[in-house]
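Dropping coords.cif in here (mmCIF, N, CA and C atoms):
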```
data_work
loop_
_atom_site.label_atom_id
_atom_site.label_comp_id
_atom_site.auth_asym_id
_atom_site.auth_seq_id
_atom_site.Cartn_x
_atom_site.Cartn_y
_atom_site.Cartn_z
N MET A 1 46.69 77.58 119.68
CA MET A 1 47.16 76.24 119.88
C MET A 1 46.40 75.30 118.95
N THR A 2 47.10 74.39 118.32
CA THR A 2 46.52 73.47 117.37
C THR A 2 46.21 72.14 118.05
N SER A 3 45.04 71.60 117.76
CA SER A 3 44.69 70.30 118.33
C SER A 3 45.46 69.21 117.60
N ASP A 4 45.47 68.01 118.19
CA ASP A 4 46.17 66.88 117.58
C ASP A 4 45.59 66.56 116.20
N ILE A 5 44.28 66.58 116.07
CA ILE A 5 43.68 66.21 114.78
C ILE A 5 44.01 67.26 113.71
N GLU A 6 44.06 68.52 114.10
CA GLU A 6 44.44 69.56 113.15
C GLU A 6 45.90 69.40 112.74
N ALA A 7 46.75 69.06 113.69
CA ALA A 7 48.17 68.82 113.39
C ALA A 7 48.33 67.61 112.49
N ASN A 8 47.55 66.55 112.74
CA ASN A 8 47.61 65.36 111.90
C ASN A 8 47.13 65.67 110.48
N LYS A 9 46.08 66.48 110.38
CA LYS A 9 45.59 66.90 109.05
C LYS A 9 46.67 67.68 108.33
N ALA A 10 47.27 68.64 109.00
CA ALA A 10 48.31 69.46 108.37
C ALA A 10 49.48 68.59 107.90
N ALA A 11 49.88 67.63 108.71
CA ALA A 11 50.99 66.75 108.32
C ALA A 11 50.61 65.89 107.13
N ALA A 12 49.39 65.34 107.12
CA ALA A 12 48.95 64.50 106.00
C ALA A 12 48.87 65.31 104.71
N VAL A 13 48.35 66.52 104.80
CA VAL A 13 48.25 67.38 103.61
C VAL A 13 49.64 67.79 103.13
N ALA A 14 50.54 68.07 104.05
CA ALA A 14 51.92 68.41 103.66
C ALA A 14 52.58 67.24 102.94
N ARG A 15 52.38 66.02 103.45
CA ARG A 15 52.94 64.84 102.78
C ARG A 15 52.31 64.66 101.40
N ALA A 16 51.01 64.90 101.29
CA ALA A 16 50.32 64.80 99.99
C ALA A 16 50.86 65.84 99.02
N GLY A 17 51.09 67.05 99.51
CA GLY A 17 51.67 68.10 98.66
C GLY A 17 53.06 67.75 98.18
N ALA A 18 53.84 67.14 99.05
CA ALA A 18 55.19 66.72 98.66
C ALA A 18 55.12 65.63 97.60
N LEU A 19 54.17 64.73 97.71
CA LEU A 19 53.99 63.71 96.68
C LEU A 19 53.61 64.34 95.35
N ALA A 20 52.75 65.34 95.39
CA ALA A 20 52.35 66.02 94.15
C ALA A 20 53.53 66.75 93.53
N ALA A 21 54.35 67.38 94.37
CA ALA A 21 55.52 68.10 93.86
C ALA A 21 56.52 67.16 93.21
N ALA A 22 56.58 65.93 93.71
CA ALA A 22 57.52 64.95 93.17
C ALA A 22 56.96 64.17 91.98
N ALA A 23 55.67 64.31 91.71
CA ALA A 23 55.05 63.56 90.62
C ALA A 23 55.56 64.05 89.27
N ALA A 24 55.91 63.12 88.44
CA ALA A 24 56.45 63.46 87.12
C ALA A 24 55.41 64.23 86.31
N GLY A 25 55.84 65.32 85.73
CA GLY A 25 54.99 66.10 84.85
C GLY A 25 54.02 67.05 85.52
N GLU A 26 53.99 67.09 86.84
CA GLU A 26 53.06 67.99 87.52
C GLU A 26 53.69 69.37 87.70
N SER A 27 52.87 70.38 87.58
CA SER A 27 53.33 71.76 87.71
C SER A 27 53.38 72.17 89.18
N ALA A 28 54.04 73.29 89.43
CA ALA A 28 54.04 73.85 90.78
C ALA A 28 52.62 74.22 91.19
N ALA A 29 51.80 74.63 90.23
CA ALA A 29 50.42 74.99 90.54
C ALA A 29 49.66 73.77 91.04
N ALA A 30 49.94 72.59 90.49
CA ALA A 30 49.26 71.37 90.94
C ALA A 30 49.61 71.08 92.39
N SER A 31 50.86 71.24 92.75
CA SER A 31 51.28 71.02 94.13
C SER A 31 50.60 72.02 95.07
N GLY A 32 50.55 73.28 94.65
CA GLY A 32 49.87 74.30 95.45
C GLY A 32 48.38 74.04 95.58
N PHE A 33 47.80 73.42 94.55
CA PHE A 33 46.38 73.11 94.58
C PHE A 33 46.06 72.11 95.69
N VAL A 34 46.95 71.17 95.96
CA VAL A 34 46.72 70.17 97.00
C VAL A 34 46.45 70.87 98.34
N ALA A 35 47.29 71.83 98.68
CA ALA A 35 47.11 72.56 99.95
C ALA A 35 45.81 73.36 99.93
N ALA A 36 45.53 74.04 98.82
CA ALA A 36 44.31 74.84 98.71
C ALA A 36 43.07 73.95 98.77
N PHE A 37 43.17 72.79 98.16
CA PHE A 37 42.04 71.87 98.09
C PHE A 37 41.59 71.43 99.48
N TYR A 38 42.53 71.10 100.33
CA TYR A 38 42.20 70.57 101.66
C TYR A 38 42.16 71.63 102.76
N GLU A 39 42.44 72.88 102.44
CA GLU A 39 42.56 73.92 103.47
C GLU A 39 41.36 73.99 104.40
N HIS A 40 40.16 73.94 103.87
CA HIS A 40 38.96 74.08 104.71
C HIS A 40 38.22 72.77 104.92
N ALA A 41 38.82 71.66 104.49
CA ALA A 41 38.19 70.35 104.68
C ALA A 41 38.22 69.99 106.17
N PRO A 42 37.19 69.33 106.66
CA PRO A 42 37.15 68.97 108.09
C PRO A 42 38.34 68.08 108.48
N PRO A 43 39.07 68.43 109.52
CA PRO A 43 40.23 67.64 109.93
C PRO A 43 39.91 66.16 110.16
N ALA A 44 38.76 65.85 110.74
CA ALA A 44 38.41 64.45 111.02
C ALA A 44 38.26 63.63 109.75
N ASP A 45 37.93 64.27 108.63
CA ASP A 45 37.77 63.56 107.37
C ASP A 45 39.09 63.42 106.61
N ILE A 46 40.11 64.15 107.03
CA ILE A 46 41.36 64.18 106.28
C ILE A 46 42.51 63.54 107.05
N ALA A 47 42.60 63.76 108.34
CA ALA A 47 43.77 63.38 109.14
C ALA A 47 44.13 61.90 109.04
N ALA A 48 43.15 61.02 108.97
CA ALA A 48 43.44 59.59 108.99
C ALA A 48 43.65 59.00 107.59
N ARG A 49 43.47 59.79 106.55
CA ARG A 49 43.62 59.26 105.20
C ARG A 49 45.08 59.20 104.80
N GLU A 50 45.39 58.26 103.94
CA GLU A 50 46.77 58.10 103.47
C GLU A 50 47.16 59.26 102.56
N PRO A 51 48.39 59.75 102.69
CA PRO A 51 48.84 60.85 101.83
C PRO A 51 48.71 60.53 100.34
N GLU A 52 48.89 59.27 99.96
CA GLU A 52 48.77 58.89 98.54
C GLU A 52 47.34 59.11 98.04
N ASP A 53 46.36 58.79 98.88
CA ASP A 53 44.97 59.02 98.47
C ASP A 53 44.61 60.49 98.50
N LEU A 54 45.14 61.23 99.47
CA LEU A 54 44.90 62.68 99.50
C LEU A 54 45.49 63.33 98.26
N CYS A 55 46.71 62.96 97.94
CA CYS A 55 47.37 63.50 96.75
C CYS A 55 46.60 63.09 95.50
N GLY A 56 46.27 61.80 95.40
CA GLY A 56 45.58 61.30 94.22
C GLY A 56 44.24 61.95 94.00
N GLY A 57 43.47 62.13 95.07
CA GLY A 57 42.16 62.78 94.96
C GLY A 57 42.27 64.21 94.49
N ALA A 58 43.19 64.96 95.08
CA ALA A 58 43.36 66.36 94.69
C ALA A 58 43.90 66.47 93.27
N LEU A 59 44.89 65.66 92.93
CA LEU A 59 45.45 65.73 91.57
C LEU A 59 44.45 65.27 90.52
N ALA A 60 43.60 64.31 90.85
CA ALA A 60 42.57 63.89 89.90
C ALA A 60 41.67 65.06 89.54
N LEU A 61 41.26 65.82 90.55
CA LEU A 61 40.41 66.97 90.29
C LEU A 61 41.19 68.06 89.56
N TRP A 62 42.44 68.29 89.96
CA TRP A 62 43.27 69.29 89.28
C TRP A 62 43.41 68.96 87.78
N ARG A 63 43.73 67.72 87.49
CA ARG A 63 43.90 67.32 86.09
C ARG A 63 42.59 67.44 85.32
N PHE A 64 41.48 67.07 85.97
CA PHE A 64 40.17 67.16 85.33
C PHE A 64 39.83 68.60 84.98
N GLY A 65 40.10 69.52 85.89
CA GLY A 65 39.76 70.92 85.66
C GLY A 65 40.86 71.73 85.01
N ALA A 66 41.95 71.09 84.65
CA ALA A 66 43.12 71.82 84.15
C ALA A 66 42.85 72.55 82.84
N ARG A 67 41.89 72.10 82.07
CA ARG A 67 41.56 72.80 80.83
C ARG A 67 40.08 73.13 80.85
N ARG A 68 39.81 74.42 80.89
CA ARG A 68 38.44 74.90 80.97
C ARG A 68 38.42 76.37 80.59
N HIS A 69 37.40 76.79 79.90
CA HIS A 69 37.25 78.20 79.57
C HIS A 69 36.24 78.85 80.51
N ALA A 70 36.36 80.15 80.72
CA ALA A 70 35.42 80.89 81.55
C ALA A 70 34.00 80.63 81.04
N GLY A 71 33.09 80.40 81.96
CA GLY A 71 31.70 80.14 81.60
C GLY A 71 31.39 78.67 81.34
N GLU A 72 32.41 77.84 81.22
CA GLU A 72 32.22 76.41 80.97
C GLU A 72 32.13 75.67 82.30
N THR A 73 31.27 74.66 82.35
CA THR A 73 31.17 73.80 83.53
C THR A 73 31.66 72.41 83.15
N ARG A 74 32.54 71.88 83.97
CA ARG A 74 33.02 70.51 83.77
C ARG A 74 32.46 69.66 84.90
N ILE A 75 31.87 68.51 84.54
CA ILE A 75 31.28 67.60 85.52
C ILE A 75 31.75 66.18 85.19
N ARG A 76 32.12 65.46 86.24
CA ARG A 76 32.53 64.06 86.08
C ARG A 76 32.03 63.28 87.29
N VAL A 77 31.52 62.07 87.02
CA VAL A 77 31.09 61.15 88.06
C VAL A 77 31.80 59.83 87.78
N TYR A 78 32.53 59.31 88.79
CA TYR A 78 33.29 58.09 88.58
C TYR A 78 33.61 57.39 89.89
N ASN A 79 34.05 56.16 89.76
CA ASN A 79 34.51 55.37 90.91
C ASN A 79 36.00 55.14 90.73
N PRO A 80 36.83 55.95 91.38
CA PRO A 80 38.28 55.86 91.14
C PRO A 80 38.88 54.55 91.64
N THR A 81 39.81 54.04 90.83
CA THR A 81 40.57 52.86 91.21
C THR A 81 42.05 53.20 91.12
N LEU A 82 42.83 52.53 91.92
CA LEU A 82 44.27 52.80 91.96
C LEU A 82 44.89 52.62 90.58
N GLY A 83 44.55 51.54 89.89
CA GLY A 83 45.15 51.27 88.59
C GLY A 83 44.78 52.29 87.52
N ALA A 84 43.53 52.68 87.47
CA ALA A 84 43.06 53.59 86.42
C ALA A 84 43.25 55.06 86.75
N ASP A 85 43.14 55.39 88.03
CA ASP A 85 43.09 56.81 88.41
C ASP A 85 44.21 57.25 89.34
N GLY A 86 45.00 56.31 89.85
CA GLY A 86 46.09 56.67 90.74
C GLY A 86 45.67 56.85 92.19
N TRP A 87 44.41 56.63 92.49
CA TRP A 87 43.90 56.70 93.86
C TRP A 87 42.61 55.88 93.90
N HIS A 88 42.15 55.60 95.10
CA HIS A 88 40.92 54.84 95.19
C HIS A 88 40.01 55.40 96.27
N SER A 89 38.73 55.11 96.09
CA SER A 89 37.73 55.48 97.08
C SER A 89 36.64 54.42 97.04
N PRO A 90 36.08 54.09 98.20
CA PRO A 90 34.98 53.13 98.20
C PRO A 90 33.66 53.76 97.75
N HIS A 91 33.69 55.06 97.47
CA HIS A 91 32.48 55.80 97.12
C HIS A 91 32.57 56.36 95.70
N THR A 92 31.42 56.62 95.12
CA THR A 92 31.35 57.31 93.84
C THR A 92 31.74 58.76 94.06
N ILE A 93 32.53 59.29 93.15
CA ILE A 93 33.03 60.66 93.26
C ILE A 93 32.35 61.53 92.21
N VAL A 94 31.88 62.68 92.64
CA VAL A 94 31.32 63.68 91.73
C VAL A 94 32.28 64.87 91.76
N GLU A 95 32.72 65.29 90.58
CA GLU A 95 33.62 66.44 90.48
C GLU A 95 32.99 67.49 89.58
N ILE A 96 33.07 68.73 90.02
CA ILE A 96 32.52 69.85 89.26
C ILE A 96 33.52 71.00 89.34
N VAL A 97 33.83 71.56 88.18
CA VAL A 97 34.70 72.74 88.11
C VAL A 97 33.98 73.77 87.26
N ASN A 98 33.77 74.95 87.81
CA ASN A 98 33.11 76.03 87.08
C ASN A 98 33.40 77.37 87.71
N ASP A 99 32.94 78.43 87.07
CA ASP A 99 33.07 79.76 87.64
C ASP A 99 32.38 79.76 89.01
N ASP A 100 32.91 80.52 89.94
CA ASP A 100 32.30 80.59 91.26
C ASP A 100 30.95 81.28 91.17
N MET A 101 29.98 80.75 91.90
CA MET A 101 28.66 81.36 91.99
C MET A 101 28.00 80.89 93.28
N PRO A 102 26.99 81.61 93.73
CA PRO A 102 26.37 81.23 95.00
C PRO A 102 25.57 79.93 94.92
N PHE A 103 25.46 79.27 96.04
CA PHE A 103 24.58 78.12 96.26
C PHE A 103 24.99 76.85 95.53
N LEU A 104 26.23 76.74 95.08
CA LEU A 104 26.66 75.55 94.35
C LEU A 104 26.58 74.30 95.22
N VAL A 105 27.14 74.36 96.41
CA VAL A 105 27.16 73.18 97.27
C VAL A 105 25.73 72.76 97.62
N ASP A 106 24.90 73.70 97.99
CA ASP A 106 23.51 73.37 98.34
C ASP A 106 22.77 72.76 97.16
N SER A 107 22.95 73.32 95.97
CA SER A 107 22.24 72.81 94.79
C SER A 107 22.70 71.41 94.42
N VAL A 108 24.00 71.18 94.44
CA VAL A 108 24.52 69.86 94.09
C VAL A 108 24.12 68.83 95.14
N THR A 109 24.23 69.18 96.40
CA THR A 109 23.83 68.27 97.48
C THR A 109 22.35 67.91 97.36
N ALA A 110 21.51 68.88 97.11
CA ALA A 110 20.08 68.63 96.97
C ALA A 110 19.80 67.71 95.78
N ALA A 111 20.48 67.93 94.67
CA ALA A 111 20.28 67.09 93.48
C ALA A 111 20.69 65.64 93.76
N ILE A 112 21.79 65.45 94.44
CA ILE A 112 22.24 64.09 94.76
C ILE A 112 21.27 63.43 95.75
N ASN A 113 20.89 64.16 96.77
CA ASN A 113 19.95 63.60 97.76
C ASN A 113 18.59 63.28 97.15
N ASP A 114 18.12 64.13 96.21
CA ASP A 114 16.83 63.90 95.56
C ASP A 114 16.81 62.61 94.75
N ARG A 115 17.98 62.12 94.38
CA ARG A 115 18.08 60.88 93.61
C ARG A 115 18.32 59.66 94.52
N GLY A 116 18.20 59.88 95.82
CA GLY A 116 18.31 58.78 96.76
C GLY A 116 19.73 58.43 97.17
N SER A 117 20.69 59.23 96.81
CA SER A 117 22.08 58.99 97.21
C SER A 117 22.42 59.83 98.43
N ILE A 118 23.57 59.55 98.99
CA ILE A 118 24.02 60.25 100.20
C ILE A 118 25.33 60.96 99.92
N VAL A 119 25.40 62.21 100.29
CA VAL A 119 26.65 62.96 100.20
C VAL A 119 27.41 62.72 101.50
N ARG A 120 28.60 62.14 101.38
CA ARG A 120 29.39 61.79 102.56
C ARG A 120 30.40 62.87 102.94
N LEU A 121 30.93 63.54 101.94
CA LEU A 121 31.93 64.59 102.18
C LEU A 121 31.93 65.52 100.98
N VAL A 122 31.99 66.80 101.24
CA VAL A 122 32.15 67.79 100.18
C VAL A 122 33.42 68.57 100.46
N ILE A 123 34.30 68.58 99.49
CA ILE A 123 35.49 69.42 99.57
C ILE A 123 35.32 70.44 98.45
N HIS A 124 35.32 71.71 98.82
CA HIS A 124 34.92 72.74 97.87
C HIS A 124 35.77 74.01 98.01
N PRO A 125 36.99 73.97 97.52
CA PRO A 125 37.74 75.22 97.56
C PRO A 125 37.31 76.14 96.42
N VAL A 126 37.36 77.41 96.69
CA VAL A 126 37.22 78.43 95.65
C VAL A 126 38.61 79.01 95.49
N VAL A 127 39.16 78.88 94.31
CA VAL A 127 40.54 79.31 94.05
C VAL A 127 40.57 80.26 92.87
N ASN A 128 41.56 81.12 92.85
CA ASN A 128 41.78 82.03 91.72
C ASN A 128 42.76 81.37 90.77
N VAL A 129 42.30 81.08 89.56
CA VAL A 129 43.10 80.35 88.59
C VAL A 129 43.42 81.24 87.39
N VAL A 130 44.70 81.29 87.05
CA VAL A 130 45.15 81.98 85.84
C VAL A 130 45.21 80.93 84.75
N ARG A 131 44.56 81.21 83.62
CA ARG A 131 44.55 80.29 82.49
C ARG A 131 45.10 80.99 81.25
N ASP A 132 45.71 80.18 80.37
CA ASP A 132 46.22 80.74 79.12
C ASP A 132 45.06 80.86 78.11
N GLY A 133 45.35 81.30 76.92
CA GLY A 133 44.33 81.52 75.90
C GLY A 133 43.58 80.26 75.48
N GLU A 134 44.16 79.10 75.72
CA GLU A 134 43.50 77.84 75.38
C GLU A 134 42.76 77.23 76.57
N GLY A 135 42.75 77.94 77.70
CA GLY A 135 42.03 77.48 78.87
C GLY A 135 42.82 76.58 79.81
N HIS A 136 44.13 76.43 79.59
CA HIS A 136 44.97 75.61 80.47
C HIS A 136 45.29 76.37 81.76
N ALA A 137 45.10 75.72 82.89
CA ALA A 137 45.47 76.33 84.18
C ALA A 137 46.98 76.42 84.25
N VAL A 138 47.49 77.63 84.48
CA VAL A 138 48.94 77.81 84.55
C VAL A 138 49.40 78.24 85.94
N ALA A 139 48.50 78.77 86.76
CA ALA A 139 48.90 79.22 88.09
C ALA A 139 47.68 79.46 88.96
N LEU A 140 47.91 79.40 90.26
CA LEU A 140 46.94 79.87 91.24
C LEU A 140 47.47 81.22 91.69
N ALA A 141 46.69 82.28 91.49
CA ALA A 141 47.17 83.62 91.82
C ALA A 141 45.99 84.55 92.04
N PRO A 142 46.18 85.58 92.87
CA PRO A 142 45.08 86.51 93.15
C PRO A 142 44.47 87.14 91.89
N ALA A 143 45.25 87.28 90.82
CA ALA A 143 44.76 87.92 89.60
C ALA A 143 43.89 86.98 88.76
N GLY A 144 43.79 85.71 89.14
CA GLY A 144 43.05 84.75 88.34
C GLY A 144 41.54 84.84 88.54
N LEU A 145 40.82 84.11 87.70
CA LEU A 145 39.38 84.02 87.78
C LEU A 145 38.99 83.16 88.98
N ARG A 146 38.00 83.63 89.76
CA ARG A 146 37.53 82.84 90.90
C ARG A 146 36.75 81.65 90.36
N GLU A 147 37.23 80.45 90.72
CA GLU A 147 36.62 79.22 90.24
C GLU A 147 36.24 78.33 91.43
N SER A 148 35.15 77.61 91.24
CA SER A 148 34.68 76.65 92.23
C SER A 148 35.14 75.26 91.78
N TRP A 149 35.86 74.59 92.67
CA TRP A 149 36.34 73.21 92.41
C TRP A 149 35.70 72.35 93.50
N MET A 150 34.85 71.44 93.09
CA MET A 150 34.09 70.66 94.06
C MET A 150 34.31 69.15 93.83
N GLN A 151 34.50 68.44 94.93
CA GLN A 151 34.60 66.98 94.87
C GLN A 151 33.78 66.42 96.03
#
```
As structure tokens, how would this structure be written, given the file I've shared?
Amino acid sequence: MTSDIEANKAAAVARAGALAAAAAGESAAASGFVAAFYEHAPPADIAAREPEDLCGGALALWRFGARRHAGETRIRVYNPTLGADGWHSPHTIVEIVNDDMPFLVDSVTAAINDRGSIVRLVIHPVVNVVRDGEGHAVALAPAGLRESWMQ
């Protein structure tokens, strides 16, 4: 049996996925990434958020990590705004995309805390990504490289 908050999270994520699927120029993999991105996120942190912000946050990370080669780490720190980024957050966002390895969340959290900042939420799916020869993400599939996507 699913609790109300879990049902609300599922509905919000489904609406966000539908928005991603309808977004001009987005691939089917991008839409699938929205569901994978929020799959293990705490329901209380997701259920009350607007589908546009859920979609925007996930797609921002998807677009950021869409081109990467094995062994490369991509890091971005920014304050998203609706006009510039298609979504907004009152907090600074840290995004990291790299090959999966142990202790990533602990290491990043410790580094942020050591600088006097506070980590409010970590969303960290590990997904299998198929990339072409130029490093473009083309699909999420079991045959892909295990990658850590953190926001």
Chain and number of each residue from the PyMOL selection byres ((chain A and resi 55-59) around 7), as a count of residues only: 23
Quick check on the file I pasted: which residues fall under the PyMOL selection byres (((chain A and resi 69 and name CA) around 9) and name CA)? Write them as a CSV table (one decimal) with N, CA and C atoms, in the frame of the given file.
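Contents of the output file out-v6.csv:
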```csv
chain,number,residue,atom,x,y,z
A,67,ARG,N,41.9,72.1,82.1
A,67,ARG,CA,41.6,72.8,80.8
A,67,ARG,C,40.1,73.1,80.8
A,68,ARG,N,39.8,74.4,80.9
A,68,ARG,CA,38.4,74.9,81.0
A,68,ARG,C,38.4,76.4,80.6
A,70,ALA,N,36.4,80.2,80.7
A,70,ALA,CA,35.4,80.9,81.6
A,70,ALA,C,34.0,80.6,81.0
A,71,GLY,N,33.1,80.4,82.0
A,71,GLY,CA,31.7,80.1,81.6
A,71,GLY,C,31.4,78.7,81.3
A,72,GLU,N,32.4,77.8,81.2
A,72,GLU,CA,32.2,76.4,81.0
A,72,GLU,C,32.1,75.7,82.3
A,73,THR,N,31.3,74.7,82.4
A,73,THR,CA,31.2,73.8,83.5
A,73,THR,C,31.7,72.4,83.2
A,98,ASN,N,33.8,75.0,87.8
A,98,ASN,CA,33.1,76.0,87.1
A,98,ASN,C,33.4,77.4,87.7
A,131,ARG,N,44.6,81.2,83.6
A,131,ARG,CA,44.6,80.3,82.5
A,131,ARG,C,45.1,81.0,81.2
A,133,GLY,N,45.4,81.3,76.9
A,133,GLY,CA,44.3,81.5,75.9
A,133,GLY,C,43.6,80.3,75.5
A,134,GLU,N,44.2,79.1,75.7
A,134,GLU,CA,43.5,77.8,75.4
A,134,GLU,C,42.8,77.2,76.6
A,135,GLY,N,42.8,77.9,77.7
A,135,GLY,CA,42.0,77.5,78.9
A,135,GLY,C,42.8,76.6,79.8
A,136,HIS,N,44.1,76.4,79.6
A,136,HIS,CA,45.0,75.6,80.5
A,136,HIS,C,45.3,76.4,81.8
```
Using the chain letters and numbers from the file, give me the residues hit by the PyMOL selection byres ((chain A and resi 146) around 6.5), as a short mmCIF file (atom, residue, chain, number, x, y, z; two decimals) with N, CA and C atoms, in the coordinates of the input.
```cif
data_model
loop_
_atom_site.label_atom_id
_atom_site.label_comp_id
_atom_site.auth_asym_id
_atom_site.auth_seq_id
_atom_site.Cartn_x
_atom_site.Cartn_y
_atom_site.Cartn_z
N ASN A 98 33.77 74.95 87.81
CA ASN A 98 33.11 76.03 87.08
C ASN A 98 33.40 77.37 87.71
N ASP A 99 32.94 78.43 87.07
CA ASP A 99 33.07 79.76 87.64
C ASP A 99 32.38 79.76 89.01
N ASP A 100 32.91 80.52 89.94
CA ASP A 100 32.30 80.59 91.26
C ASP A 100 30.95 81.28 91.17
N VAL A 126 37.36 77.41 96.69
CA VAL A 126 37.22 78.43 95.65
C VAL A 126 38.61 79.01 95.49
N VAL A 127 39.16 78.88 94.31
CA VAL A 127 40.54 79.31 94.05
C VAL A 127 40.57 80.26 92.87
N ASN A 128 41.56 81.12 92.85
CA ASN A 128 41.78 82.03 91.72
C ASN A 128 42.76 81.37 90.77
N VAL A 129 42.30 81.08 89.56
CA VAL A 129 43.10 80.35 88.59
C VAL A 129 43.42 81.24 87.39
N GLY A 144 43.79 85.71 89.14
CA GLY A 144 43.05 84.75 88.34
C GLY A 144 41.54 84.84 88.54
N LEU A 145 40.82 84.11 87.70
CA LEU A 145 39.38 84.02 87.78
C LEU A 145 38.99 83.16 88.98
N GLU A 147 37.23 80.45 90.72
CA GLU A 147 36.62 79.22 90.24
C GLU A 147 36.24 78.33 91.43
N SER A 148 35.15 77.61 91.24
CA SER A 148 34.68 76.65 92.23
C SER A 148 35.14 75.26 91.78
#
```
Length of the atom CA of Glu95 of chain A to atom N of Val77 of chain A vector [Å]: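 We find that atom CA of Glu95 of chain A and atom N of Val77 of chain A lie 6.0 Å from each other.
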Secondary structure check, alpha helix (DSSP H) residues of segment 59-115 of chain A, as a list in words: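 So, restricting segment 59-115 of chain A to alpha helix (DSSP H), we get Leu59, Ala60, Leu61, Trp62, Arg63, Phe64, Gly65, Leu82, Gly83, Ala84, Asp85, Leu104, Val105, Asp106, Ser107, Val108, Thr109, Ala110, Ala111, Ile112, Asn113 and Asp114 of chain A.
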Can I get the selected residues back with N, CA and C atoms, as an mmCIF file, in the frame of the given file?
```cif
data_model
loop_
_atom_site.group_PDB
_atom_site.id
_atom_site.type_symbol
_atom_site.label_atom_id
_atom_site.label_comp_id
_atom_site.auth_asym_id
_atom_site.auth_seq_id
_atom_site.Cartn_x
_atom_site.Cartn_y
_atom_site.Cartn_z
ATOM 1 N N LEU A 59 44.890 65.660 92.930
ATOM 2 C CA LEU A 59 45.450 65.730 91.570
ATOM 3 C C LEU A 59 44.450 65.270 90.520
ATOM 4 N N ALA A 60 43.600 64.310 90.850
ATOM 5 C CA ALA A 60 42.570 63.890 89.900
ATOM 6 C C ALA A 60 41.670 65.060 89.540
ATOM 7 N N LEU A 61 41.260 65.820 90.550
ATOM 8 C CA LEU A 61 40.410 66.970 90.290
ATOM 9 C C LEU A 61 41.190 68.060 89.560
ATOM 10 N N TRP A 62 42.440 68.290 89.960
ATOM 11 C CA TRP A 62 43.270 69.290 89.280
ATOM 12 C C TRP A 62 43.410 68.960 87.780
ATOM 13 N N ARG A 63 43.730 67.720 87.490
ATOM 14 C CA ARG A 63 43.900 67.320 86.090
ATOM 15 C C ARG A 63 42.590 67.440 85.320
ATOM 16 N N PHE A 64 41.480 67.070 85.970
ATOM 17 C CA PHE A 64 40.170 67.160 85.330
ATOM 18 C C PHE A 64 39.830 68.600 84.980
ATOM 19 N N GLY A 65 40.100 69.520 85.890
ATOM 20 C CA GLY A 65 39.760 70.920 85.660
ATOM 21 C C GLY A 65 40.860 71.730 85.010
ATOM 22 N N LEU A 82 42.830 52.530 91.920
ATOM 23 C CA LEU A 82 44.270 52.800 91.960
ATOM 24 C C LEU A 82 44.890 52.620 90.580
ATOM 25 N N GLY A 83 44.550 51.540 89.890
ATOM 26 C CA GLY A 83 45.150 51.270 88.590
ATOM 27 C C GLY A 83 44.780 52.290 87.520
ATOM 28 N N ALA A 84 43.530 52.680 87.470
ATOM 29 C CA ALA A 84 43.060 53.590 86.420
ATOM 30 C C ALA A 84 43.250 55.060 86.750
ATOM 31 N N ASP A 85 43.140 55.390 88.030
ATOM 32 C CA ASP A 85 43.090 56.810 88.410
ATOM 33 C C ASP A 85 44.210 57.250 89.340
ATOM 34 N N LEU A 104 26.230 76.740 95.080
ATOM 35 C CA LEU A 104 26.660 75.550 94.350
ATOM 36 C C LEU A 104 26.580 74.300 95.220
ATOM 37 N N VAL A 105 27.140 74.360 96.410
ATOM 38 C CA VAL A 105 27.160 73.180 97.270
ATOM 39 C C VAL A 105 25.730 72.760 97.620
ATOM 40 N N ASP A 106 24.900 73.700 97.990
ATOM 41 C CA ASP A 106 23.510 73.370 98.340
ATOM 42 C C ASP A 106 22.770 72.760 97.160
ATOM 43 N N SER A 107 22.950 73.320 95.970
ATOM 44 C CA SER A 107 22.240 72.810 94.790
ATOM 45 C C SER A 107 22.700 71.410 94.420
ATOM 46 N N VAL A 108 24.000 71.180 94.440
ATOM 47 C CA VAL A 108 24.520 69.860 94.090
ATOM 48 C C VAL A 108 24.120 68.830 95.140
ATOM 49 N N THR A 109 24.230 69.180 96.400
ATOM 50 C CA THR A 109 23.830 68.270 97.480
ATOM 51 C C THR A 109 22.350 67.910 97.360
ATOM 52 N N ALA A 110 21.510 68.880 97.110
ATOM 53 C CA ALA A 110 20.080 68.630 96.970
ATOM 54 C C ALA A 110 19.800 67.710 95.780
ATOM 55 N N ALA A 111 20.480 67.930 94.670
ATOM 56 C CA ALA A 111 20.280 67.090 93.480
ATOM 57 C C ALA A 111 20.690 65.640 93.760
ATOM 58 N N ILE A 112 21.790 65.450 94.440
ATOM 59 C CA ILE A 112 22.240 64.090 94.760
ATOM 60 C C ILE A 112 21.270 63.430 95.750
ATOM 61 N N ASN A 113 20.890 64.160 96.770
ATOM 62 C CA ASN A 113 19.950 63.600 97.760
ATOM 63 C C ASN A 113 18.590 63.280 97.150
ATOM 64 N N ASP A 114 18.120 64.130 96.210
ATOM 65 C CA ASP A 114 16.830 63.900 95.560
ATOM 66 C C ASP A 114 16.810 62.610 94.750
#
```
Atomic distance atom CA of Val94 of chain A - atom CA of Ala143 of chain A, expressed in Å with one decimal: 27.8 Å
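The interatomic distance for the pair atom CA of Gln151 of chain A and atom CA of His91 of chain A works out to 11.6 Å.
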Pick from A:Ser89, A:Ala18, A:Thr2, A:His124 nearest to Val105 of chain A, counting only N, CA and C atoms: A:His124
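Proximity of A:Gly25, A:Gly32, A:Pro142, A:Pro43 to Ala7 of chain A, computed with only C-alpha atoms, is greatest for A:Pro43.
Non-sequential neighbours of Val119 of chain A (distance at most 10 Å, separation of 4 or more positions within a chain, only C-alpha atoms) are A:His91, A:Thr92, A:Ile93, A:Val94, A:Val108, A:Thr109, A:Ala110, A:Ile112, A:Asn113.
When only N, CA and C atoms are used to measure the gap to Pro42 of chain A, the shortest distance among A:Ala14, A:Val122, A:Ile96, A:Ala23 belongs to A:Val122.
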DSSP-assigned strand (DSSP E) members of chain A, reported as a count of residues only: 28
Counting all atoms listed in the file, the option among A:Ala24, A:Ala12, A:Ile118, A:Ala35 closest to Ala47 of chain A: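 Nearest to Ala47 of chain A: A:Ala12.
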